[in-house]
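Below is the file final.cif, which contains mmCIF, C-alpha atoms and all ligand atoms.
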data_query
loop_
_atom_site.label_atom_id
_atom_site.label_comp_id
_atom_site.auth_asym_id
_atom_site.auth_seq_id
_atom_site.Cartn_x
_atom_site.Cartn_y
_atom_site.Cartn_z
CA MET S 1 0.00 0.00 0.00
CA ASN S 2 2.78 2.37 1.03
CA ALA S 3 6.19 1.92 2.57
CA THR S 4 5.04 2.62 6.16
CA ILE S 5 2.11 0.20 6.05
CA ASP S 6 4.33 -2.42 4.43
CA LEU S 7 7.00 -1.94 7.10
CA LEU S 8 4.52 -2.18 9.99
CA SER S 9 2.87 -5.23 8.46
CA SER S 10 6.18 -7.05 8.09
CA HIS S 11 7.19 -6.82 11.76
CA ARG S 12 8.46 -9.97 13.37
CA SER S 13 10.58 -10.26 16.52
CA VAL S 14 14.20 -11.07 15.74
CA ARG S 15 16.29 -13.02 18.23
CA ARG S 16 19.35 -13.96 16.17
CA PHE S 17 21.71 -11.29 14.92
CA LYS S 18 24.63 -10.96 12.52
CA ASP S 19 27.97 -10.32 14.11
CA LYS S 20 27.93 -6.80 12.71
CA PRO S 21 27.97 -3.71 14.89
CA VAL S 22 25.41 -0.94 14.57
CA GLU S 23 27.19 2.37 14.03
CA ASP S 24 26.62 4.97 16.74
CA ALA S 25 25.49 7.58 14.20
CA LEU S 26 22.78 5.22 12.92
CA PHE S 27 21.74 4.28 16.44
CA HIS S 28 21.47 7.95 17.43
CA THR S 29 19.35 8.67 14.35
CA ILE S 30 17.01 5.87 15.42
CA VAL S 31 16.74 7.20 18.99
CA ARG S 32 16.10 10.75 17.80
CA ALA S 33 13.31 9.51 15.52
CA ALA S 34 11.90 7.44 18.38
CA GLN S 35 11.80 10.51 20.60
CA CYS S 36 9.32 12.10 18.21
CA ALA S 37 6.63 9.76 19.58
CA ALA S 38 3.69 11.56 21.14
CA THR S 39 4.20 12.09 24.86
CA SER S 40 1.61 12.84 27.52
CA SER S 41 1.74 16.61 28.36
CA HIS S 42 5.22 16.60 26.78
CA VAL S 43 6.62 14.93 29.93
CA GLN S 44 8.95 12.55 27.99
CA ALA S 45 9.04 10.46 31.14
CA TYR S 46 11.55 7.83 30.09
CA THR S 47 15.26 7.14 30.06
CA ILE S 48 16.83 4.56 27.76
CA ILE S 49 19.97 2.78 28.97
CA ARG S 50 22.23 1.08 26.42
CA VAL S 51 23.85 -1.81 28.26
CA GLN S 52 27.35 -2.33 26.89
CA ASP S 53 29.08 -3.82 29.92
CA LYS S 54 29.50 -7.56 29.21
CA GLU S 55 29.06 -8.72 32.79
CA ASN S 56 25.84 -6.72 33.23
CA ARG S 57 24.57 -8.15 29.95
CA ARG S 58 25.36 -11.64 31.15
CA GLN S 59 23.53 -11.14 34.42
CA ILE S 60 20.50 -9.54 32.79
CA ALA S 61 20.34 -12.30 30.13
CA ALA S 62 20.37 -14.87 32.95
CA LEU S 63 17.71 -13.24 35.11
CA ALA S 64 15.50 -12.64 32.06
CA GLY S 65 15.17 -16.30 31.29
CA PRO S 66 17.92 -17.10 30.44
CA GLN S 67 17.57 -15.38 27.07
CA LEU S 68 20.81 -15.76 25.13
CA TRP S 69 19.95 -13.03 22.63
CA VAL S 70 20.16 -10.46 25.43
CA GLU S 71 23.84 -11.31 25.72
CA GLN S 72 24.48 -11.63 21.99
CA ALA S 73 22.58 -8.75 20.40
CA PRO S 74 24.78 -5.90 19.13
CA ILE S 75 22.58 -3.48 21.06
CA PHE S 76 20.66 -4.13 24.24
CA LEU S 77 18.52 -1.38 25.74
CA ILE S 78 16.64 -1.02 28.99
CA PHE S 79 13.64 1.30 28.81
CA CYS S 80 12.93 3.01 32.11
CA ALA S 81 9.77 4.88 33.00
CA ASP S 82 11.32 7.89 34.67
CA LEU S 83 9.88 10.63 36.85
CA THR S 84 13.25 11.84 38.16
CA ARG S 85 13.67 14.57 35.55
CA LEU S 86 10.22 15.90 36.34
CA GLU S 87 11.10 16.02 40.03
CA SER S 88 14.25 17.97 39.14
CA ALA S 89 12.08 20.41 37.20
CA CYS S 90 10.09 20.95 40.41
CA ASP S 91 13.29 21.51 42.42
CA ARG S 92 14.51 23.96 39.82
CA HIS S 93 11.34 25.99 40.22
CA LYS S 94 11.11 25.50 43.99
CA LEU S 95 7.89 23.54 43.81
CA THR S 96 7.08 20.28 45.56
CA ALA S 97 6.62 17.27 43.29
CA LYS S 98 3.39 15.49 44.21
CA THR S 99 4.63 11.97 43.54
CA GLY S 100 3.35 8.46 44.08
CA TRP S 101 0.13 8.74 42.10
CA ALA S 102 -1.11 5.86 39.96
CA GLU S 103 -1.82 8.33 37.15
CA GLN S 104 1.88 9.27 36.99
CA PHE S 105 2.76 5.60 36.78
CA VAL S 106 0.42 5.21 33.80
CA VAL S 107 1.75 8.35 32.10
CA ALA S 108 5.40 7.34 32.47
CA THR S 109 4.79 3.72 31.44
CA VAL S 110 2.75 4.71 28.37
CA ASP S 111 5.38 7.27 27.32
CA THR S 112 8.05 4.59 27.64
CA ALA S 113 6.10 2.12 25.52
CA LEU S 114 5.44 4.71 22.82
CA VAL S 115 9.09 5.72 22.47
CA ALA S 116 10.13 2.08 22.44
CA GLN S 117 7.70 1.06 19.72
CA ASN S 118 8.80 4.08 17.64
CA LEU S 119 12.39 3.01 18.18
CA MET S 120 11.66 -0.53 17.00
CA VAL S 121 9.90 0.74 13.88
CA ALA S 122 12.68 3.25 13.12
CA ALA S 123 15.25 0.47 13.51
CA GLU S 124 13.27 -1.87 11.25
CA SER S 125 12.99 0.86 8.62
CA LEU S 126 16.79 0.88 8.45
CA GLY S 127 17.17 -2.88 8.04
CA LEU S 128 17.64 -3.75 11.71
CA GLY S 129 15.47 -6.11 13.71
CA GLY S 130 14.87 -6.74 17.37
CA VAL S 131 12.76 -8.01 20.19
CA PHE S 132 11.29 -6.52 23.35
CA ILE S 133 12.42 -8.21 26.56
CA GLY S 134 9.78 -8.22 29.29
CA GLY S 135 11.81 -10.97 30.95
CA ILE S 136 13.85 -8.31 32.77
CA ARG S 137 10.86 -7.90 35.12
CA ASN S 138 11.65 -11.37 36.51
CA ASP S 139 14.06 -9.50 38.76
CA PRO S 140 13.66 -5.76 38.26
CA GLN S 141 15.40 -4.92 41.54
CA THR S 142 18.66 -6.50 40.36
CA VAL S 143 18.36 -4.64 37.04
CA CYS S 144 18.03 -1.39 39.04
CA GLU S 145 21.09 -2.24 41.11
CA LEU S 146 23.22 -3.22 38.09
CA LEU S 147 22.32 -0.08 36.15
CA ASN S 148 22.00 2.41 39.04
CA ILE S 149 18.34 3.11 38.32
CA PRO S 150 17.10 5.42 41.09
CA ASP S 151 13.73 5.53 42.86
CA THR S 152 10.84 7.08 40.90
CA ALA S 153 12.20 5.31 37.84
CA TYR S 154 11.77 1.64 36.92
CA PRO S 155 12.81 -0.68 34.09
CA VAL S 156 9.69 -1.48 32.05
CA PHE S 157 11.29 -3.78 29.48
CA GLY S 158 14.46 -4.32 27.51
CA MET S 159 15.06 -4.47 23.76
CA CYS S 160 17.61 -6.34 21.65
CA LEU S 161 18.55 -4.78 18.32
CA GLY S 162 20.89 -5.68 15.48
CA TYR S 163 21.11 -6.81 11.89
CA PRO S 164 18.84 -9.89 11.59
CA ASP S 165 20.40 -13.28 10.99
CA GLN S 166 16.97 -14.91 10.63
CA THR S 167 13.66 -14.10 8.93
CA PRO S 168 10.97 -15.63 11.14
CA SER S 169 7.52 -15.99 9.63
CA ILE S 170 5.11 -13.24 10.54
CA LYS S 171 2.87 -14.10 13.51
CA PRO S 172 -0.82 -13.69 12.66
CA ARG S 173 -2.80 -11.10 14.61
CA LEU S 174 -6.41 -11.19 15.77
CA PRO S 175 -9.06 -10.49 13.12
CA LEU S 176 -10.41 -6.95 12.97
CA ASP S 177 -13.90 -7.82 14.26
CA LEU S 178 -12.37 -8.97 17.57
CA VAL S 179 -10.31 -5.87 18.25
CA LEU S 180 -12.28 -3.06 16.59
CA ARG S 181 -15.84 -2.07 17.52
CA ASP S 182 -18.11 0.79 16.51
CA ASP S 183 -19.66 3.02 19.17
CA SER S 184 -19.74 0.62 22.08
CA PHE S 185 -17.35 -1.87 23.62
CA PHE S 186 -19.61 -4.69 22.49
CA GLY S 187 -20.35 -3.29 19.00
CA PRO S 188 -23.05 -4.62 16.70
CA GLY S 189 -21.68 -8.16 16.03
CA SER S 190 -23.28 -11.14 17.75
CA ASN S 191 -21.40 -13.30 20.23
CA GLU S 192 -21.80 -16.25 17.87
CA GLU S 193 -20.10 -14.40 15.02
CA ARG S 194 -17.32 -13.52 17.40
CA ALA S 195 -17.00 -17.15 18.50
CA ASP S 196 -16.63 -18.13 14.83
CA SER S 197 -13.95 -15.50 14.39
CA LEU S 198 -12.10 -16.73 17.43
CA ASP S 199 -12.32 -20.35 16.23
CA ALA S 200 -10.91 -19.29 12.86
CA TYR S 201 -8.10 -17.37 14.57
CA ASP S 202 -7.31 -20.36 16.77
CA GLN S 203 -6.93 -22.43 13.62
CA THR S 204 -4.78 -19.77 11.95
CA CYS S 205 -2.44 -19.66 14.95
CA LYS S 206 -2.33 -23.44 15.20
CA ASP S 207 -1.26 -23.61 11.54
CA TYR S 208 1.33 -20.90 12.16
CA TYR S 209 2.83 -22.72 15.17
CA LEU S 210 2.86 -26.06 13.32
CA ASN S 211 4.59 -24.63 10.26
CA ARG S 212 6.97 -21.93 11.45
CA ASP S 213 10.75 -22.30 11.21
CA SER S 214 11.55 -23.23 14.81
CA ASN S 215 9.99 -24.07 18.17
CA LEU S 216 7.09 -25.89 16.51
CA LYS S 217 4.09 -26.60 18.70
CA ASP S 218 0.52 -27.74 18.42
CA GLN S 219 -1.30 -24.92 20.15
CA THR S 220 -4.20 -22.55 19.59
CA TRP S 221 -4.22 -18.90 20.66
CA THR S 222 -7.02 -19.32 23.21
CA ARG S 223 -5.20 -22.29 24.80
CA GLN S 224 -2.01 -20.25 25.04
CA MET S 225 -3.91 -17.33 26.61
CA ALA S 226 -5.80 -19.61 29.00
CA ASP S 227 -2.48 -21.00 30.24
CA PHE S 228 -1.08 -17.46 30.47
CA MET S 229 -4.00 -16.16 32.53
CA ASN S 230 -4.21 -19.27 34.68
CA LYS S 231 -0.86 -18.61 36.33
CA VAL S 232 0.34 -15.76 38.45
CA SER S 233 3.12 -13.88 36.72
CA ARG S 234 5.75 -11.81 38.56
CA PRO S 235 3.83 -11.31 41.81
CA HIS S 236 6.70 -9.16 43.10
CA MET S 237 5.81 -6.26 40.77
CA LYS S 238 3.36 -4.52 43.12
CA SER S 239 5.74 -4.27 46.06
CA PHE S 240 8.67 -3.50 43.73
CA LEU S 241 6.80 -0.55 42.23
CA GLU S 242 5.62 0.66 45.63
CA LYS S 243 9.17 0.61 46.96
CA ARG S 244 10.30 2.63 43.92
CA GLY S 245 7.72 5.31 44.72
CA PHE S 246 5.08 4.33 42.18
CA PHE S 247 1.50 3.34 42.72
CA LEU S 248 1.06 4.51 46.28
CA LYS S 249 -2.18 6.42 45.90
C1 LIG B 1 6.51 -5.72 26.30
C2 LIG B 1 6.97 -6.95 25.57
C3 LIG B 1 7.78 -7.87 26.21
C4 LIG B 1 8.28 -8.97 25.52
N1 LIG B 1 9.15 -9.80 26.16
C5 LIG B 1 9.77 -10.78 25.45
C6 LIG B 1 10.82 -11.52 26.05
O1 LIG B 1 11.17 -11.36 27.22
N2 LIG B 1 11.44 -12.46 25.29
C7 LIG B 1 11.11 -12.68 23.97
O2 LIG B 1 11.74 -13.53 23.34
N3 LIG B 1 10.10 -11.99 23.39
C8 LIG B 1 9.44 -11.04 24.09
N4 LIG B 1 8.49 -10.27 23.49
C9 LIG B 1 8.14 -10.51 22.08
C10 LIG B 1 6.76 -11.13 21.94
O3 LIG B 1 6.82 -12.49 22.32
C11 LIG B 1 6.32 -10.97 20.47
O4 LIG B 1 6.26 -9.60 20.13
C12 LIG B 1 4.96 -11.62 20.23
O5 LIG B 1 5.01 -13.01 20.45
C13 LIG B 1 4.49 -11.35 18.80
O6 LIG B 1 5.46 -11.84 17.89
P1 LIG B 1 6.13 -10.87 16.81
O7 LIG B 1 6.74 -9.70 17.51
O8 LIG B 1 7.16 -11.71 16.12
O9 LIG B 1 5.04 -10.43 15.88
C14 LIG B 1 7.92 -9.19 24.16
C15 LIG B 1 7.08 -8.27 23.53
C16 LIG B 1 6.61 -7.17 24.21
C17 LIG B 1 5.72 -6.18 23.50
#
Give the structure from this file in structure tokens form.
Amino acid sequence: MNATIDLLSSHRSVRRFKDKPVEDALFHTIVRAAQCAATSSHVQAYTIIRVQDKENRRQIAALAGPQLWVEQAPIFLIFCADLTRLESACDRHKLTAKTGWAEQFVVATVDTALVAQNLMVAAESLGLGGVFIGGIRNDPQTVCELLNIPDTAYPVFGMCLGYPDQTPSIKPRLPLDLVLRDDSFFGPGSNEERADSLDAYDQTCKDYYLNRDSNLKDQTWTRQMADFMNKVSRPHMKSFLEKRGFFLK
């Protein structure tokens, strides 16, 4: 349709990279483009840490899974939601920062996700590939200690980037009638039509998992989601965020 739609539609996570460095100038171009993402009230409440230190990479790769690609990717980034700069702005103008509100947590986390997605797309537009790494939240406190991340900031996820050494098949997304509604959350479609759509999507995903290049499995999307929702994931996050000064009120 056009180059942007084609680029977005050809996204796939990349976990194996060529042994080829990404030049700093190119990387900085990507970050500058990423920064143009919309940002709530212009707060730009994020800080991106490029982790170059080999030992830190090794430790983060281990706590995130282990996920080998965290160690091997030419670039590995940690995206922090960050209120510290906004607090400094208050200090500068001799005002008291009213911190600890859930709304600020949402604002900073959303800003972080927007800049990160822009960064991924900018990187892909230049022939790079990558993958988000939520696995760092297995042990976010250690990530904070390794990277000196202060209170009122927290690592939301990581991201590996580099020149792809694989071309995974594209993972199918939900059909439009399941994610897009007119006028009301429930929209005009009947539940039966939706059930048919979901059945069809289950089959599409099953075919994808049975036929992709690696890690083949016989699984539908709803089964995968049922297993996902049936277990408690990272129960430490609430107290971790509270200790960091988020989510208190
Ligand atoms: C916030 C976030 C965290 C993720 N964490 C991981 C991760 O820790 N390890 C990994 O291999 N993939 C991770 N992924 C990648 C997803 O598994 C992947 O995007 C999803 O399965 C869809 O596949 P695709 O990106 O190839 O289309 C993450 C994606 C997002 C958005």
Report task. Please determine the residues with any atom at most 10 Å from (8.1, -0.2, 45.4) (coordinates as given in the file, with only C-alpha atoms counting) and report them as a VMD selection string. Result -> chain S and resid 100 141 151 to 152 154 236 to 248
Emit the selected residues as a compact mmCIF listing (two decimals), in the frame of the given file, including C-alpha atoms.
# COMPACT_ATOMS: atom_id res chain seq x y z
CA GLY S 100 3.35 8.46 44.08
CA GLN S 141 15.40 -4.92 41.54
CA ASP S 151 13.73 5.53 42.86
CA THR S 152 10.84 7.08 40.90
CA TYR S 154 11.77 1.64 36.92
CA HIS S 236 6.70 -9.16 43.10
CA MET S 237 5.81 -6.26 40.77
CA LYS S 238 3.36 -4.52 43.12
CA SER S 239 5.74 -4.27 46.06
CA PHE S 240 8.67 -3.50 43.73
CA LEU S 241 6.80 -0.55 42.23
CA GLU S 242 5.62 0.66 45.63
CA LYS S 243 9.17 0.61 46.96
CA ARG S 244 10.30 2.63 43.92
CA GLY S 245 7.72 5.31 44.72
CA PHE S 246 5.08 4.33 42.18
CA PHE S 247 1.50 3.34 42.72
CA LEU S 248 1.06 4.51 46.28
Contacts between region 10-20 of chain S and region 108-149 of chain S, please, where a residue of region 108-149 of chain S counts if it comes within 9 Å (with only C-alpha atoms); show its shortest atom pair and distance in Å to one decimal, rows by chain and ascending number, as CSV.
residue,atom,partner,partner_atom,distance
S:Val121,CA,S:His11,CA,8.3
S:Glu124,CA,S:His11,CA,7.9
S:Gly129,CA,S:Val14,CA,5.5
S:Gly130,CA,S:Val14,CA,4.7
S:Val131,CA,S:Ser13,CA,4.8
S:Phe132,CA,S:Ser13,CA,7.8
Report task. Figure out the distance between CA of Val156 (chain S) and CA of Asn138 (chain S), please, to one decimal in Å. Result ->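 Computing the Euclidean distance for CA of Asn138 (chain S) and CA of Val156 (chain S) yields 11.0 Å.
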**Report entry** Closest of S:Ser9, S:Gln44, S:Ser233, S:Gln59 to Leu146 (chain S) - atom-to-atom distances counting all atoms listed in the file
**Finding:**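 Counting all atoms listed in the file, the residue closest to Leu146 (chain S) is S:Gln59.
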Query raised in the report: Which value, in Å to one decimal, gives the distance between CA of His93 (chain S) and CA of Val106 (chain S)?
Result: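 Rounded to one decimal, the two atoms are 24.3 Å apart.
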Taking all atoms of region 81-94 of chain S that the file lists and extending 6 Å past them on each side, where is the centre of the axis-aligned box and how long are its edges? Answer in Å to one decimal, as AutoDock Vina command-line options.
--center_x 12.1 --center_y 15.4 --center_z 38.5 --size_x 16.7 --size_y 33.1 --size_z 23.0
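When CA of Asn118 (chain S) is paired with CA of Ala33 (chain S), their separation reads 7.4 Å.
Residue nearest Ala195 (chain S) within the list S:Leu210, S:Leu178, S:Met159, S:Val232: S:Leu178 [criterion: smallest interatomic distance, all atoms listed in the file].
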Query raised in the report: For Pro74 (chain S), which of S:Ala116, S:Cys144, S:Ala200, S:Leu161 is the closest residue, counting all atoms listed in the file?
Result: S:Leu161
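Restricting the calculation to only C-alpha atoms, the smallest distance between Ala64 (chain S) and any of S:Pro164, S:Gly189, S:Gly127, S:Gly158 is found for S:Gly158.
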Requested in this report: Please provide as a ChimeraX atom specification all residues within 10 Å of Arg173 (chain S), with the sequence filter that same-chain residues fewer than 4 positions apart are discarded (counting only C-alpha atoms).
Outcome: /S:179,201,204-205,221
N, CA and C atoms modelled onto region 31-48 of chain S, as a PDB file, in the coordinates of the input:
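Just written: rebuild-v5.pdb:
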ATOM      1  N   VAL S  31      17.269   6.717  17.691  1.00  0.00           N
ATOM      2  CA  VAL S  31      16.740   7.200  18.990  1.00  0.00           C
ATOM      3  C   VAL S  31      16.084   8.571  18.812  1.00  0.00           C
ATOM      4  N   ARG S  32      16.706   9.425  18.002  1.00  0.00           N
ATOM      5  CA  ARG S  32      16.100  10.750  17.800  1.00  0.00           C
ATOM      6  C   ARG S  32      14.724  10.619  17.136  1.00  0.00           C
ATOM      7  N   ALA S  33      14.607   9.720  16.170  1.00  0.00           N
ATOM      8  CA  ALA S  33      13.310   9.510  15.520  1.00  0.00           C
ATOM      9  C   ALA S  33      12.303   8.953  16.540  1.00  0.00           C
ATOM     10  N   ALA S  34      12.776   8.034  17.371  1.00  0.00           N
ATOM     11  CA  ALA S  34      11.900   7.440  18.380  1.00  0.00           C
ATOM     12  C   ALA S  34      11.355   8.491  19.338  1.00  0.00           C
ATOM     13  N   GLN S  35      12.206   9.456  19.665  1.00  0.00           N
ATOM     14  CA  GLN S  35      11.800  10.510  20.600  1.00  0.00           C
ATOM     15  C   GLN S  35      10.657  11.377  20.076  1.00  0.00           C
ATOM     16  N   CYS S  36      10.406  11.295  18.781  1.00  0.00           N
ATOM     17  CA  CYS S  36       9.320  12.100  18.210  1.00  0.00           C
ATOM     18  C   CYS S  36       7.948  11.480  18.496  1.00  0.00           C
ATOM     19  N   ALA S  37       7.918  10.354  19.166  1.00  0.00           N
ATOM     20  CA  ALA S  37       6.630   9.760  19.580  1.00  0.00           C
ATOM     21  C   ALA S  37       5.850  10.789  20.387  1.00  0.00           C
ATOM     22  N   ALA S  38       4.525  10.710  20.295  1.00  0.00           N
ATOM     23  CA  ALA S  38       3.690  11.560  21.140  1.00  0.00           C
ATOM     24  C   ALA S  38       4.015  11.259  22.606  1.00  0.00           C
ATOM     25  N   THR S  39       3.876  12.258  23.449  1.00  0.00           N
ATOM     26  CA  THR S  39       4.200  12.090  24.860  1.00  0.00           C
ATOM     27  C   THR S  39       3.197  12.881  25.692  1.00  0.00           C
ATOM     28  N   SER S  40       2.668  12.241  26.711  1.00  0.00           N
ATOM     29  CA  SER S  40       1.610  12.840  27.520  1.00  0.00           C
ATOM     30  C   SER S  40       2.082  14.171  28.125  1.00  0.00           C
ATOM     31  N   SER S  41       1.394  15.280  27.827  1.00  0.00           N
ATOM     32  CA  SER S  41       1.740  16.610  28.360  1.00  0.00           C
ATOM     33  C   SER S  41       3.209  16.967  28.118  1.00  0.00           C
ATOM     34  N   HIS S  42       3.806  16.363  27.142  1.00  0.00           N
ATOM     35  CA  HIS S  42       5.220  16.600  26.780  1.00  0.00           C
ATOM     36  C   HIS S  42       6.191  16.197  27.898  1.00  0.00           C
ATOM     37  N   VAL S  43       5.764  15.265  28.769  1.00  0.00           N
ATOM     38  CA  VAL S  43       6.620  14.930  29.930  1.00  0.00           C
ATOM     39  C   VAL S  43       7.868  14.130  29.534  1.00  0.00           C
ATOM     40  N   GLN S  44       7.787  13.353  28.434  1.00  0.00           N
ATOM     41  CA  GLN S  44       8.950  12.550  27.990  1.00  0.00           C
ATOM     42  C   GLN S  44       9.561  11.781  29.169  1.00  0.00           C
ATOM     43  N   ALA S  45       8.671  11.063  29.853  1.00  0.00           N
ATOM     44  CA  ALA S  45       9.040  10.460  31.140  1.00  0.00           C
ATOM     45  C   ALA S  45       9.693   9.095  30.970  1.00  0.00           C
ATOM     46  N   TYR S  46      10.811   9.083  30.271  1.00  0.00           N
ATOM     47  CA  TYR S  46      11.550   7.830  30.090  1.00  0.00           C
ATOM     48  C   TYR S  46      13.036   8.114  29.983  1.00  0.00           C
ATOM     49  N   THR S  47      13.815   7.110  30.316  1.00  0.00           N
ATOM     50  CA  THR S  47      15.260   7.140  30.060  1.00  0.00           C
ATOM     51  C   THR S  47      15.633   5.773  29.496  1.00  0.00           C
ATOM     52  N   ILE S  48      16.439   5.805  28.440  1.00  0.00           N
ATOM     53  CA  ILE S  48      16.830   4.560  27.760  1.00  0.00           C
ATOM     54  C   ILE S  48      18.302   4.300  28.099  1.00  0.00           C
TER      55      ILE S  48
END
